[in-house]
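Working notes, beginning with the structure itself.
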Amino acid sequence: MTKTPLQVKLVPYTINSIVENTNETPEGVRLIQAPMIWEKSSHGENIVIAVIDTGVDKNHPDLKDQIIGGRNFTTDHHSNPTIFKDNNGHGTHVTGTIAASLNNKGVVGVAPKAKILSLKVLTGEGSGDYEWIINAINYAVDWRGPQNQRVRVISMSLGGPHDVPELHKAIQNAVNHNISVVVAAGNEGDDREDTFEYSYPGSYNEVIQVGAVSNDLNLAPFTNTNAEVDLVAPGVEIVSTYLDNQYASLSGTSMATPHVAGALALLINLSEKEFGRPLIETEIYAQLVRRTLPLGNRKSSEGNGFLLLDLVDKVREIINVARINLIETKN
């Protein structure tokens, strides 16, 4: 008897609506204060993010200049590895939140000058084999761009109930190569304080697991809770790019994850400029955690808190004002 391969699926999400009229800066991008550090972080320029998902609509006007490469690991498109076209919509939406162009129309992503390596591991139905994901992670680690660029961030809004050692090993290898791996927490959450919901690869300690909040910073009722949640980001009614040159509003931890992936592109540029040297993955993680604001929920729900990219500068501003006031008082 042939053993059926273990399956992984998209983290369940809700399509709220197709959006006819868009505000170029989506509410989620504004809430995490990404525009406040765009100039200092060069808009994420020269950072490559591997989006491991359903592929991408690379002809979308907000994405056509953002895709640096891609590969298909699924049986879709007659298993042709060079065709990574999105036939679901999820991957295109995630990609737009990360890096949609700042072009005075449509929407803009968190890191509008970052580049996307689109790795299709899920079929149009939203499911795939763990082997496909493992191969995609390893591909991202080994990939080099036309100017010898390498992947600095992996974004995965997918999960399954199985702890697969080969998947864990692939993620550990990526992190050891100084790639930040960002994963959705999952949408099986409930309001009970005595139960945890675990999904893999989100529950691996090495990944950055992202939960979701609404635009009024309330914890989304669907977001998973467990001991490995690192932080939360906007994940309710998120407007981003969609199939057929459209825009759509979607909800889920799938939508929170790309906010963090894009934020890492900004923080890598900003932090390495400040330190004057390349930073390793643990140092980048530390810079991310510094930019979180506790919301008062359980740590198993929100981890370190809500992603707020300009938080450090705001604290510095408050400290500087306090110092000036102290000096003036003494004088």
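Letters for chains follow the order of the structure tokens (A, B, ...), residue numbers begin at 1 for each chain, and ligand numbers begin at 1 in the order shown.
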List every residue of range 4-55 of chain A that has an atom at most 6 Å from any atom of range 235-253 of chain A, and for each one report the closest atom pair and its distance in Å to one decimal, counting only C-alpha atoms, with rows sorted by chain and then by increasing residue number, as CSV.
```
residue,atom,partner,partner_atom,distance
A:Tyr13,CA,A:Gly252,CA,4.8
A:Thr14,CA,A:Ser251,CA,5.1
A:Ile15,CA,A:Leu250,CA,4.6
A:Asn16,CA,A:Ser249,CA,5.3
A:Ser17,CA,A:Ser249,CA,5.3
A:Ile18,CA,A:Ala248,CA,4.3
A:Val19,CA,A:Ala248,CA,5.0
```
Mind writing the picked residues with N, CA, C and O atoms as an mmCIF file, in the first residue's frame?
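Output saved as out.cif:
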```cif
data_model
loop_
_atom_site.group_PDB
_atom_site.id
_atom_site.type_symbol
_atom_site.label_atom_id
_atom_site.label_comp_id
_atom_site.auth_asym_id
_atom_site.auth_seq_id
_atom_site.Cartn_x
_atom_site.Cartn_y
_atom_site.Cartn_z
ATOM 1 N N TYR A 13 -8.896 31.361 6.164
ATOM 2 C CA TYR A 13 -9.054 32.808 6.156
ATOM 3 C C TYR A 13 -10.420 33.148 5.581
ATOM 4 O O TYR A 13 -11.077 32.314 4.966
ATOM 5 N N THR A 14 -10.840 34.379 5.784
ATOM 6 C CA THR A 14 -12.148 34.836 5.319
ATOM 7 C C THR A 14 -11.972 35.892 4.241
ATOM 8 O O THR A 14 -11.215 36.851 4.428
ATOM 9 N N ILE A 15 -12.638 35.696 3.110
ATOM 10 C CA ILE A 15 -12.682 36.732 2.080
ATOM 11 C C ILE A 15 -13.870 37.636 2.405
ATOM 12 O O ILE A 15 -15.024 37.252 2.269
ATOM 13 N N ASN A 16 -13.574 38.834 2.874
ATOM 14 C CA ASN A 16 -14.650 39.746 3.261
ATOM 15 C C ASN A 16 -15.312 40.372 2.041
ATOM 16 O O ASN A 16 -16.544 40.440 1.967
ATOM 17 N N SER A 17 -14.500 40.845 1.084
ATOM 18 C CA SER A 17 -15.071 41.495 -0.087
ATOM 19 C C SER A 17 -13.996 41.794 -1.116
ATOM 20 O O SER A 17 -12.807 41.848 -0.792
ATOM 21 N N ILE A 18 -14.415 41.941 -2.368
ATOM 22 C CA ILE A 18 -13.563 42.527 -3.400
ATOM 23 C C ILE A 18 -13.705 44.039 -3.273
ATOM 24 O O ILE A 18 -14.823 44.557 -3.208
ATOM 25 N N VAL A 19 -12.593 44.738 -3.223
ATOM 26 C CA VAL A 19 -12.605 46.175 -2.937
ATOM 27 C C VAL A 19 -12.482 46.960 -4.240
ATOM 28 O O VAL A 19 -11.542 46.746 -5.013
#
```
Item checked: Atom pair CA of Val210 in chain A / CA of Glu281 in chain A: separation (Å) -> 16.8 Å
Which of range 258-289 of chain A end up as alpha helix (DSSP H) when DSSP is run on this backbone - answer as a JSON list (two decimals) with N, CA and C atoms, in the first residue's frame?
```json
[["chain", "number", "residue", "atom", "x", "y", "z"],
["A", 258, "PRO", "N", 2.29, 38.62, 6.97],
["A", 258, "PRO", "CA", 3.08, 39.44, 6.05],
["A", 258, "PRO", "C", 3.39, 40.84, 6.57],
["A", 259, "HIS", "N", 2.60, 41.35, 7.51],
["A", 259, "HIS", "CA", 2.95, 42.63, 8.12],
["A", 259, "HIS", "C", 4.30, 42.51, 8.83],
["A", 260, "VAL", "N", 4.51, 41.39, 9.50],
["A", 260, "VAL", "CA", 5.76, 41.17, 10.23],
["A", 260, "VAL", "C", 6.90, 40.88, 9.26],
["A", 261, "ALA", "N", 6.63, 40.09, 8.22],
["A", 261, "ALA", "CA", 7.67, 39.78, 7.23],
["A", 261, "ALA", "C", 8.17, 41.06, 6.57],
["A", 262, "GLY", "N", 7.26, 41.94, 6.18],
["A", 262, "GLY", "CA", 7.65, 43.21, 5.59],
["A", 262, "GLY", "C", 8.39, 44.09, 6.58],
["A", 263, "ALA", "N", 7.93, 44.09, 7.83],
["A", 263, "ALA", "CA", 8.58, 44.89, 8.86],
["A", 263, "ALA", "C", 10.03, 44.46, 9.06],
["A", 264, "LEU", "N", 10.30, 43.17, 8.96],
["A", 264, "LEU", "CA", 11.66, 42.69, 9.12],
["A", 264, "LEU", "C", 12.58, 43.23, 8.02],
["A", 265, "ALA", "N", 12.05, 43.37, 6.81],
["A", 265, "ALA", "CA", 12.86, 43.95, 5.73],
["A", 265, "ALA", "C", 13.28, 45.37, 6.10],
["A", 266, "LEU", "N", 12.34, 46.14, 6.65],
["A", 266, "LEU", "CA", 12.66, 47.50, 7.08],
["A", 266, "LEU", "C", 13.67, 47.50, 8.22],
["A", 267, "LEU", "N", 13.47, 46.62, 9.19],
["A", 267, "LEU", "CA", 14.33, 46.59, 10.37],
["A", 267, "LEU", "C", 15.74, 46.10, 10.05],
["A", 268, "ILE", "N", 15.86, 45.18, 9.11],
["A", 268, "ILE", "CA", 17.20, 44.71, 8.71],
["A", 268, "ILE", "C", 18.00, 45.89, 8.15],
["A", 269, "ASN", "N", 17.39, 46.65, 7.24],
["A", 269, "ASN", "CA", 18.09, 47.80, 6.68],
["A", 269, "ASN", "C", 18.41, 48.84, 7.74],
["A", 270, "LEU", "N", 17.42, 49.17, 8.55],
["A", 270, "LEU", "CA", 17.59, 50.20, 9.57],
["A", 270, "LEU", "C", 18.65, 49.81, 10.60],
["A", 271, "SER", "N", 18.55, 48.59, 11.10],
["A", 271, "SER", "CA", 19.44, 48.15, 12.17],
["A", 271, "SER", "C", 20.88, 47.95, 11.68],
["A", 272, "GLU", "N", 21.03, 47.37, 10.49],
["A", 272, "GLU", "CA", 22.39, 47.15, 9.98],
["A", 272, "GLU", "C", 23.06, 48.48, 9.63],
["A", 273, "LYS", "N", 22.26, 49.47, 9.27],
["A", 273, "LYS", "CA", 22.81, 50.81, 9.04],
["A", 273, "LYS", "C", 23.28, 51.41, 10.36],
["A", 274, "GLU", "N", 22.48, 51.24, 11.40],
["A", 274, "GLU", "CA", 22.82, 51.79, 12.72],
["A", 274, "GLU", "C", 24.05, 51.12, 13.33],
["A", 275, "PHE", "N", 24.12, 49.78, 13.19],
["A", 275, "PHE", "CA", 25.23, 49.04, 13.79],
["A", 275, "PHE", "C", 26.47, 49.04, 12.90],
["A", 281, "GLU", "N", 20.46, 36.39, 12.77],
["A", 281, "GLU", "CA", 19.01, 36.25, 12.93],
["A", 281, "GLU", "C", 18.56, 36.60, 14.34],
["A", 282, "THR", "N", 19.27, 36.16, 15.34],
["A", 282, "THR", "CA", 18.85, 36.45, 16.72],
["A", 282, "THR", "C", 18.91, 37.94, 17.03],
["A", 283, "GLU", "N", 19.84, 38.65, 16.42],
["A", 283, "GLU", "CA", 19.93, 40.09, 16.62],
["A", 283, "GLU", "C", 18.77, 40.81, 15.93],
["A", 284, "ILE", "N", 18.41, 40.34, 14.76],
["A", 284, "ILE", "CA", 17.25, 40.92, 14.06],
["A", 284, "ILE", "C", 15.97, 40.67, 14.87],
["A", 285, "TYR", "N", 15.85, 39.46, 15.42],
["A", 285, "TYR", "CA", 14.68, 39.15, 16.25],
["A", 285, "TYR", "C", 14.61, 40.09, 17.46],
["A", 286, "ALA", "N", 15.75, 40.36, 18.05],
["A", 286, "ALA", "CA", 15.79, 41.27, 19.19],
["A", 286, "ALA", "C", 15.32, 42.67, 18.80],
["A", 287, "GLN", "N", 15.71, 43.12, 17.61],
["A", 287, "GLN", "CA", 15.26, 44.43, 17.13],
["A", 287, "GLN", "C", 13.75, 44.45, 16.90],
["A", 288, "LEU", "N", 13.21, 43.32, 16.44],
["A", 288, "LEU", "CA", 11.76, 43.22, 16.23],
["A", 288, "LEU", "C", 11.03, 43.29, 17.56],
["A", 289, "VAL", "N", 11.47, 42.52, 18.54],
["A", 289, "VAL", "CA", 10.79, 42.47, 19.83],
["A", 289, "VAL", "C", 10.84, 43.82, 20.54]]
```
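Restricting the calculation to only C-alpha atoms, the smallest distance between Ala111 in chain A and any of A:Glu27, A:Glu166, A:Glu39, A:Glu302 is found for A:Glu39.
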Notebook entry, point to check: Using only C-alpha atoms, which residues sit within 12 Å of Thr74 in chain A once same-chain residues fewer than 6 positions away are excluded, as an MDAnalysis selection string?
Noted result: chainID A and resid 52:55 80:87 119:133 135:136
Item checked: Given only C-alpha atoms as the counted atoms, nearest of A:Arg150, A:Lys115, A:Arg144, A:Arg277 to Gln66 in chain A -> A:Lys115
